[in-house]
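Everything on this sheet refers to the single structure shown next.
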Amino acid sequence: MKKILFLAMIFAIGINQVYARDYAELQIKEMKHAQKYGTTKQYLNKKNINYANQNLLQIKDPKIIKICNYNEIPEKKYEAKLQADEKQYKVFEKELSKKSLNKYKTQANGEDYYKVYRVAEKLIRANNLDYLNWRIEIYKDSKDVNAYTSNTNFIAISTALFDTFSENEDALALVIGHEMGHALLGHAQRKQKIVDIMNHISYNVGLIKYRIESKNMEYAADAEGAKLAFRAGYDLNAASEVMRYFGTLPREKDWRTTHPDPNKRLKNINDNAKYFPNDWTLVGKENIYNSDVLKVRLSSDRKSMVISASDKKENKDGYFALETLEELYTRLAYMNYLDGKFAKAIKYFDKLFEIDQTNAAAYLYASYASEYLYNNTKNSKYLELAKNYANKGYQLDSKNKFIKEQVDSL
């Protein structure tokens with residue numbers, strides 16, 4: 001009996017304590033948490049990409065380093081081409097938007113597929129990715145904002161992701177470009193090798209490797225997807241909305257997940273995009289101008305669409321190719337040089353020279369960068385470096401007037 005009375009007293013005290021609780025104080029504590037986890041500020045915290053100051057500084061640039069080759073298309077001709085293409089697009093819009101699609105139980109409306117088609121088709125044409133059929137599915141999932149690729153030419157987008165970004169084509173382009181990046185970089189094959197380690201050698205070792213490598217692959221696919229979207233003329237600043245959104249979602253501890261923190265992913269995209277040459281958009285324009293609208297149809301499963309490969313390319317050289325290491329080092333070195341980051345430029349030129357000692361133009365620009373560092377610091381080591389680079393360039397191309405001028409001036 002005493003036990004019952006004691007428990008009743010404790011219960012009564014507990015009730016009184018609950019009612020005596022200061023809910024204003026509770027709200028203060030909760031608002032402290034909200035300062036860290038609140039989503040609105042994270043979502044709206046837009047930081048634009050600051051592109052490199054291309055040729056704004058008064059520095060030597062004889063234009064003999066070529067990052068990309070293209071023929072500039074007059075704007076009137078380009079606009080006329082786009083208008084002509086629109087007529088063909090209207091045909092496909094009608095086909096995809098037919099009400100009869102519903103009887104096939106497609107997982108999204110035909111209008112939705114058409115919007116995704118237009119973004120994906122532009123990415124494909126601008127980047128010469130029309131060497132095979134691309135398959136895209138918008139699958140039914142109202143909760144998980146996600147997209148993935150499981151094959152060399154298959155991309156799946158959840159209805160939740162599409163509905164969230166359906167009015168932001170730049171964001172859709174970055175998402176689709178990211179998944180294309182996974183495919184182009186061979187990440188499915190790379191992951192399978194790690195899975196084989198998990199299955200046949202050591203699951204725990206393989207799992208740790210899988211998580212680390214997966215994060216690195218996400219960073220690489222983000223950068224590659226940004227390249228594809230940029231060449232197609234999409235605005236990476238507007239596209240960053242998708243990463244800001246992902247930053248508001250709950251996530252596991254970093255060591256337990258295969259995807260990096262969205263804020264780090266956004267920084268990765270921004271850091272890479274600083275060194276995208278503006279001429280890439282002109283390459284994309286030329287590719288679109290010289291290609292025809294790609295056909296689209298419902299796939300045989302009636303749950304996805306197929307964007308058909310072009311049948312007019314004469315040889316494989318006209319198709320997409322990943323940047324080689326030589327091209328990547330040259331681009332990073334040149335873009336840093338144009339931005340006045342001379343020490344960083346020299347770092348990448350030196351990486352280039354480790355694998356290619358035949359680029360006379362690169363030696364000239366490395367000499368320019370070293371000369372600027374000497375002028376700024378008066379450190380004689382940079383003067384010697386400038387002379388060495390210039391002499392190596394001269395040995396490779398003694399007839400180049402710019403290299404000869406640099407050798408003589410030093």
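Identifiers in the structure tokens: chain A, B, ... in order shown; residue index from 1 per chain; ligand index from 1 in order shown.
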Which residues are close to Asn153 of chain A, i.e. within 12 Å by only C-alpha atoms, leaving aside same-chain residues fewer than 2 positions away? Reply as an mmCIF file with C-alpha atoms, in the first residue's frame.
```cif
data_model
loop_
_atom_site.group_PDB
_atom_site.id
_atom_site.type_symbol
_atom_site.label_atom_id
_atom_site.label_comp_id
_atom_site.auth_asym_id
_atom_site.auth_seq_id
_atom_site.Cartn_x
_atom_site.Cartn_y
_atom_site.Cartn_z
ATOM 1 C CA ALA A 120 18.699 16.311 -72.168
ATOM 2 C CA ILE A 124 23.560 15.751 -75.888
ATOM 3 C CA LEU A 129 27.006 12.845 -77.026
ATOM 4 C CA ASP A 130 24.720 11.572 -79.776
ATOM 5 C CA TYR A 131 26.802 8.461 -80.504
ATOM 6 C CA LEU A 132 24.236 6.130 -78.878
ATOM 7 C CA ASN A 133 20.629 6.130 -77.723
ATOM 8 C CA TRP A 134 20.114 7.755 -74.313
ATOM 9 C CA ARG A 135 17.298 6.321 -72.178
ATOM 10 C CA ILE A 136 15.606 8.441 -69.518
ATOM 11 C CA GLU A 137 12.922 7.435 -67.048
ATOM 12 C CA TYR A 148 20.653 7.883 -60.668
ATOM 13 C CA THR A 149 22.299 6.074 -63.535
ATOM 14 C CA SER A 150 22.853 2.346 -63.552
ATOM 15 C CA ASN A 151 24.188 1.911 -67.034
ATOM 16 C CA ILE A 155 19.205 7.910 -66.408
ATOM 17 C CA ALA A 156 16.366 7.771 -63.889
ATOM 18 C CA ILE A 176 21.057 15.167 -65.939
ATOM 19 C CA GLY A 177 24.617 16.255 -66.734
ATOM 20 C CA GLU A 179 24.244 11.404 -64.269
ATOM 21 C CA MET A 180 25.703 11.550 -67.771
ATOM 22 C CA GLY A 181 29.018 12.316 -66.102
ATOM 23 C CA HIS A 182 28.804 9.095 -64.090
ATOM 24 C CA ALA A 183 28.180 7.171 -67.310
ATOM 25 C CA LEU A 184 30.937 8.888 -69.297
ATOM 26 C CA LEU A 185 33.494 8.449 -66.520
ATOM 27 C CA GLY A 186 32.786 4.718 -66.237
ATOM 28 C CA ALA A 188 29.433 1.797 -62.793
ATOM 29 C CA MET A 305 11.860 7.509 -73.350
ATOM 30 C CA VAL A 306 14.635 6.970 -75.843
ATOM 31 C CA ILE A 307 16.537 9.885 -77.366
ATOM 32 C CA SER A 308 17.918 8.444 -80.580
ATOM 33 C CA ALA A 309 21.531 8.602 -81.662
#
```
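Summary of the local environment: counting only C-alpha atoms, residues at most 7 Å from segment 389-404 of chain A, other than itself and those fewer than 5 positions away along its chain, are Thr358, Ala360, Ala361, Tyr363, Leu364, Ala366 and Ser367 of chain A.
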Could you take the residues named above and write them with C-alpha atoms, as an mmCIF file, in the first residue's frame?
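The resulting file, selection.cif, is shown below:
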```cif
data_model
loop_
_atom_site.group_PDB
_atom_site.id
_atom_site.type_symbol
_atom_site.label_atom_id
_atom_site.label_comp_id
_atom_site.auth_asym_id
_atom_site.auth_seq_id
_atom_site.Cartn_x
_atom_site.Cartn_y
_atom_site.Cartn_z
ATOM 1 C CA THR A 358 56.591 18.939 -76.576
ATOM 2 C CA ALA A 360 56.313 24.963 -76.944
ATOM 3 C CA ALA A 361 53.406 27.363 -76.285
ATOM 4 C CA TYR A 363 56.720 26.692 -72.049
ATOM 5 C CA LEU A 364 56.278 30.265 -73.315
ATOM 6 C CA ALA A 366 55.217 29.331 -68.047
ATOM 7 C CA SER A 367 58.047 31.757 -68.829
#
```
> Hey, what does DSSP flag as alpha helix (DSSP H) within segment 2-241 of chain A? Can you give it to me as a VMD selection string?
Replying inline: chain A and resid 2 to 19 23 to 37 39 to 44 75 to 96 110 to 126 159 to 165 169 to 184 187 to 200 203 to 231 236 to 239 241
> DSSP on the backbone: what in segment 26-186 of chain A comes out strand (DSSP E), as a list in words?
Replying inline: Trp134, Arg135, Ile136, Glu137, Ile138, Tyr139, Ala147, Tyr148, Thr149, Phe154, Ile155, Ala156, Ile157 and Ser158 of chain A
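Residues surrounding Val283 of chain A within 6 Å are A:Tyr70, A:Trp280, A:Glu286 [only C-alpha atoms; sequence separation below 3 positions excluded].
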The selected residues should be written to file as a tab-separated table (two decimals), in the first residue's frame (atoms: N, CA and C atoms).
```
chain	number	residue	atom	x	y	z
A	70	TYR	N	36.92	25.96	-82.51
A	70	TYR	CA	35.54	26.12	-82.97
A	70	TYR	C	35.48	27.21	-84.04
A	280	TRP	N	33.85	27.68	-74.35
A	280	TRP	CA	33.13	26.41	-74.34
A	280	TRP	C	31.67	26.59	-74.77
A	286	GLU	N	28.19	25.83	-81.73
A	286	GLU	CA	28.57	25.29	-83.03
A	286	GLU	C	28.08	23.85	-83.18
```
> Which residue, A:Thr248, A:Arg265, A:Ala232, A:Ser370, has the smallest gap to Thr40 of chain A when you use only C-alpha atoms?
Replying inline: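 Distance minimum relative to Thr40 of chain A lands on A:Thr248.
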>> Need the shell around Ala223 of chain A: protein/DNA/RNA residues with any atom at most 10 Å away, counting only C-alpha atoms. Skip same-chain ones fewer than 2 positions apart. Format as a ChimeraX atom specification?
In response: /A:174,177-178,181,217-221,225-229,265-266,268-273
Export C-alpha atoms of the chosen residues as a compact mmCIF listing (two decimals), in the first residue's frame?
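The resulting out.txt:
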```txt
# COMPACT_ATOMS: atom_id res chain seq x y z
CA LEU A 174 23.01 19.97 -63.89
CA GLY A 177 24.62 16.26 -66.73
CA HIS A 178 25.78 14.78 -63.42
CA GLY A 181 29.02 12.32 -66.10
CA MET A 217 33.15 9.77 -58.00
CA GLU A 218 30.34 12.12 -56.95
CA TYR A 219 32.74 15.06 -56.98
CA ALA A 220 34.01 14.00 -60.43
CA ALA A 221 30.49 13.58 -61.82
CA GLY A 225 28.10 17.47 -65.34
CA ALA A 226 28.86 21.16 -64.82
CA LYS A 227 31.08 21.08 -67.92
CA LEU A 228 28.30 19.52 -70.00
CA ALA A 229 25.71 22.03 -68.75
CA ARG A 265 29.74 19.48 -53.61
CA LEU A 266 28.63 23.01 -54.42
CA ASN A 268 33.58 21.67 -55.80
CA ILE A 269 31.40 22.79 -58.71
CA ASN A 270 32.21 26.45 -58.11
CA ASP A 271 35.95 25.83 -57.80
CA ASN A 272 35.99 23.90 -61.06
CA ALA A 273 33.72 26.30 -62.93
```
Find the residues around Gln58 of chain A up to 12 Å (only C-alpha atoms counted), leave out those fewer than 6 positions away in its own chain, and share them as an mmCIF file with N, CA and C atoms, in the first residue's frame.
```cif
data_model
loop_
_atom_site.group_PDB
_atom_site.id
_atom_site.type_symbol
_atom_site.label_atom_id
_atom_site.label_comp_id
_atom_site.auth_asym_id
_atom_site.auth_seq_id
_atom_site.Cartn_x
_atom_site.Cartn_y
_atom_site.Cartn_z
ATOM 1 N N TYR A 337 46.688 31.533 -65.288
ATOM 2 C CA TYR A 337 47.563 32.589 -65.803
ATOM 3 C C TYR A 337 46.746 33.821 -66.179
ATOM 4 N N LEU A 338 45.660 33.627 -66.905
ATOM 5 C CA LEU A 338 44.810 34.749 -67.307
ATOM 6 C C LEU A 338 44.220 35.472 -66.099
ATOM 7 N N ASP A 339 44.040 34.731 -65.005
ATOM 8 C CA ASP A 339 43.458 35.310 -63.794
ATOM 9 C C ASP A 339 44.519 35.935 -62.889
ATOM 10 N N GLY A 340 45.769 35.930 -63.368
ATOM 11 C CA GLY A 340 46.841 36.540 -62.584
ATOM 12 C C GLY A 340 47.344 35.691 -61.439
ATOM 13 N N TYR A 372 56.481 37.461 -64.475
ATOM 14 C CA TYR A 372 55.607 38.311 -63.657
ATOM 15 C C TYR A 372 55.915 38.135 -62.170
#
```
> Quick one: residues within 8 Å of segment 321-328 of chain A, only C-alpha atoms counted, chain neighbours fewer than 3 positions away excluded, as an NGL selection string?
Replying inline: :A and (67 or 184 or 331-332 or 352 or 355-356)
>> Between atom CA of Met335 of chain A and atom CA of Phe349 of chain A, what distance in Å does the model show, to one decimal?
In response: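 Distance reported for this atom pair: 11.1 Å.
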>> At a cut-off of 12 Å, using only C-alpha atoms, what residues contact Asp261 of chain A? Leave out same-chain residues fewer than 6 positions from it and give the result as a PyMOL selection string.
In response: chain A and resi 215-216+218-219+243-255+267-268
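Between atom CA of Lys66 of chain A and atom CA of Asp317 of chain A there is a distance of 17.9 Å.
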